[in-house]
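S.K.: File name structure-v9.pdb; file contents PDB, C-alpha atoms; full text below.
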ATOM      1  CA  MET A   1      -9.031  29.204 -10.651
ATOM      2  CA  LYS A   2      -5.601  28.485 -12.123
ATOM      3  CA  LYS A   3      -3.912  29.547  -8.869
ATOM      4  CA  GLY A   4      -6.180  27.180  -6.904
ATOM      5  CA  VAL A   5      -5.335  24.229  -9.137
ATOM      6  CA  LEU A   6      -1.614  24.938  -8.850
ATOM      7  CA  SER A   7      -1.934  25.203  -5.059
ATOM      8  CA  ALA A   8      -3.740  21.858  -4.930
ATOM      9  CA  LEU A   9      -1.055  20.219  -7.063
ATOM     10  CA  GLY A  10       1.595  21.680  -4.763
ATOM     11  CA  VAL A  11      -0.106  20.144  -1.722
ATOM     12  CA  VAL A  12      -0.285  16.775  -3.486
ATOM     13  CA  ALA A  13       3.401  16.982  -4.415
ATOM     14  CA  VAL A  14       4.453  17.744  -0.840
ATOM     15  CA  ALA A  15       2.171  15.038   0.572
ATOM     16  CA  THR A  16       3.662  12.368  -1.693
ATOM     17  CA  MET A  17       7.297  13.214  -0.924
ATOM     18  CA  SER A  18       7.291  10.933   2.127
ATOM     19  CA  TYR A  19       6.358   7.855   0.057
ATOM     20  CA  ALA A  20       9.008   5.403  -1.112
ATOM     21  CA  THR A  21       6.472   4.163  -3.654
ATOM     22  CA  PRO A  22       6.294   6.261  -6.820
ATOM     23  CA  ILE A  23       3.016   8.175  -6.616
ATOM     24  CA  GLY A  24       1.364   9.589  -9.726
ATOM     25  CA  ILE A  25      -0.913  12.599  -9.447
ATOM     26  CA  LEU A  26      -3.544  11.153 -11.794
ATOM     27  CA  TRP A  27      -3.211   7.409 -11.111
ATOM     28  CA  THR A  28      -0.964   4.957  -9.299
ATOM     29  CA  ASN A  29      -1.092   1.173  -9.190
ATOM     30  CA  VAL A  30       2.291  -0.202  -8.090
ATOM     31  CA  THR A  31       3.171  -3.601  -6.645
ATOM     32  CA  GLU A  32       6.588  -3.954  -5.053
ATOM     33  CA  PRO A  33       8.362  -6.502  -2.861
ATOM     34  CA  VAL A  34       8.736  -5.778   0.820
ATOM     35  CA  THR A  35      10.457  -8.912   2.106
ATOM     36  CA  VAL A  36      11.881 -12.071   0.554
ATOM     37  CA  THR A  37      13.170 -15.072   2.485
ATOM     38  CA  ASN A  38      14.960 -18.282   1.517
ATOM     39  CA  LEU A  39      11.821 -20.435   1.905
ATOM     40  CA  ALA A  40      11.626 -22.505  -1.307
ATOM     41  CA  THR A  41       7.848 -22.603  -1.911
ATOM     42  CA  PHE A  42       4.559 -21.247  -0.634
ATOM     43  CA  SER A  43       0.998 -22.601  -0.626
ATOM     44  CA  LYS A  44      -0.895 -19.982   1.401
ATOM     45  CA  SER A  45      -1.483 -16.270   1.123
ATOM     46  CA  THR A  46      -3.457 -13.546   2.869
ATOM     47  CA  THR A  47      -3.952  -9.832   2.272
ATOM     48  CA  VAL A  48      -4.463  -6.926   4.668
ATOM     49  CA  LYS A  49      -5.384  -3.404   3.585
ATOM     50  CA  THR A  50      -5.306   0.186   4.752
ATOM     51  CA  ASN A  51      -6.936   3.133   3.039
ATOM     52  CA  ALA A  52      -7.284   6.889   3.165
ATOM     53  CA  ILE A  53      -9.730   9.400   1.775
ATOM     54  CA  LEU A  54      -8.413  12.786   0.612
ATOM     55  CA  TRP A  55      -5.301  12.277   2.776
ATOM     56  CA  VAL A  56      -7.517  13.291   5.689
ATOM     57  CA  ILE A  57      -9.175  10.095   6.957
ATOM     58  CA  GLY A  58      -7.186   6.867   7.199
ATOM     59  CA  SER A  59      -8.258   3.421   8.368
ATOM     60  CA  GLY A  60      -7.429  -0.249   8.183
ATOM     61  CA  ASP A  61      -5.409  -2.886   9.972
ATOM     62  CA  ALA A  62      -2.185  -3.995   8.332
ATOM     63  CA  ASN A  63      -0.803  -6.005  11.238
ATOM     64  CA  LEU A  64       1.230  -8.565   9.304
ATOM     65  CA  ALA A  65       1.890 -10.883  12.253
ATOM     66  CA  ASP A  66      -1.814 -11.207  13.098
ATOM     67  CA  ALA A  67      -2.750 -11.654   9.428
ATOM     68  CA  ALA A  68      -0.179 -14.425   8.944
ATOM     69  CA  LYS A  69      -1.289 -16.156  12.158
ATOM     70  CA  SER A  70      -4.993 -16.050  11.196
ATOM     71  CA  ALA A  71      -4.164 -17.519   7.754
ATOM     72  CA  GLY A  72      -2.106 -20.295   9.315
ATOM     73  CA  ILE A  73       1.163 -18.997   7.862
ATOM     74  CA  THR A  74       4.078 -19.842  10.133
ATOM     75  CA  LYS A  75       6.918 -19.407   7.632
ATOM     76  CA  ILE A  76       6.942 -16.394   5.311
ATOM     77  CA  HIS A  77       8.135 -16.788   1.707
ATOM     78  CA  HIS A  78       7.674 -13.153   0.682
ATOM     79  CA  ILE A  79       5.494 -10.072   1.185
ATOM     80  CA  ASP A  80       4.277  -7.754  -1.582
ATOM     81  CA  LYS A  81       2.846  -4.255  -1.153
ATOM     82  CA  THR A  82       0.370  -2.855  -3.679
ATOM     83  CA  THR A  83      -0.358   0.867  -3.623
ATOM     84  CA  THR A  84      -3.327   2.267  -5.533
ATOM     85  CA  VAL A  85      -3.986   6.007  -5.668
ATOM     86  CA  TYR A  86      -6.987   7.485  -7.449
ATOM     87  CA  PRO A  87      -6.798  10.971  -9.018
ATOM     88  CA  LEU A  88      -5.382  13.643  -6.686
ATOM     89  CA  GLY A  89      -5.484  11.329  -3.675
ATOM     90  CA  VAL A  90      -9.281  11.133  -3.515
ATOM     91  CA  TYR A  91      -8.846   7.504  -2.402
ATOM     92  CA  ILE A  92      -5.635   5.666  -1.503
ATOM     93  CA  GLU A  93      -5.286   1.973  -0.728
ATOM     94  CA  GLU A  94      -2.244  -0.003   0.397
ATOM     95  CA  ALA A  95      -2.493  -3.786   0.458
ATOM     96  CA  PHE A  96       0.118  -6.133   1.893
ATOM     97  CA  THR A  97      -0.024  -9.735   0.650
ATOM     98  CA  ILE A  98       1.830 -12.347   2.684
ATOM     99  CA  TYR A  99       2.865 -15.618   1.011
ATOM    100  CA  GLY A 100       4.127 -18.621   2.964
ATOM    101  CA  GLU A 101       3.584 -22.030   4.509
TER     102      GLU A 101
END
Mind turning the file's structure into structure tokens?
M.R.:
Amino acid sequence: MKKGVLSALGVVAVATMSYATPIGILWTNVTEPVTVTNLATFSKSTTVKTNAILWVIGSGDANLADAAKSAGITKIHHIDKTTTVYPLGVYIEEAFTIYGE
């Protein structure tokens, strides 16, 4: 049993090495900036999401250009990325929020 748990933790550790976002084994909820421009203000925002289950099945559409266009955003102020990981990667969600005019 102990060897199985250690093996699972090893797989999680290797799987999270490719992330720039800090990933916690038990819980992660991190919001970080992706892009900032010199646009002074913003009045619109939209969010797109992707998700994965057990690092095996992934889905979602995070096409930022299409999301901005559908929200009527023509000038981007900034983009934030929020990463949420539930214990041991059972469910992972990345959300990109675009702010602009």
S.K.: Residues within 7 Å of Asp61 of chain A, please, as a PyMOL selection string. Count all atoms listed in the file; anything in the same chain fewer than 2 positions from it doesn't count.
M.R.: chain A and resi 48-50+63
S.K.: At a cut-off of 8 Å, using only C-alpha atoms, what residues contact segment 70-72 of chain A? Leave out same-chain residues fewer than 2 positions from it and give the result as a PyMOL selection string.
M.R.: chain A and resi 44-46+66-68+74+101
S.K.: Just checking: using only C-alpha atoms, which residue out of A:Tyr99, A:Trp27, A:Tyr86, A:Tyr91 ends up closest to Ala52 of chain A?
M.R.: A:Tyr91
S.K.: Counting only C-alpha atoms, which residue out of A:Ile98, A:Ile57, A:Ile92, A:Ala65 sits closest to Ile79 of chain A?
M.R.: A:Ile98
S.K.: Between atom CA of Thr83 of chain A and atom CA of Thr35 of chain A, what is the distance in Å, rounded to a tenth?
M.R.: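 Interatomic distance here is 15.7 Å.
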S.K.: Using all atoms listed in the file, list the residues that have an atom at most 12 Å from (16.0, -19.3, 3.0), coordinates as in the file, as a PyMOL selection string.
M.R.: chain A and resi 35-41+75-78+100
S.K.: Run through the PyMOL selection byres ((chain A and resi 28-30) around 6) on the given coordinates and return the selected residues as an MDAnalysis selection string.
M.R.: chainID A and resid 23:24 27 31 82:85
S.K.: Report the distance between atom CA of Gly58 of chain A and atom CA of Val90 of chain A in Å, rounded to one decimal place.
M.R.: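 Spanning atom CA of Gly58 of chain A to atom CA of Val90 of chain A is a straight-line distance of 11.7 Å.
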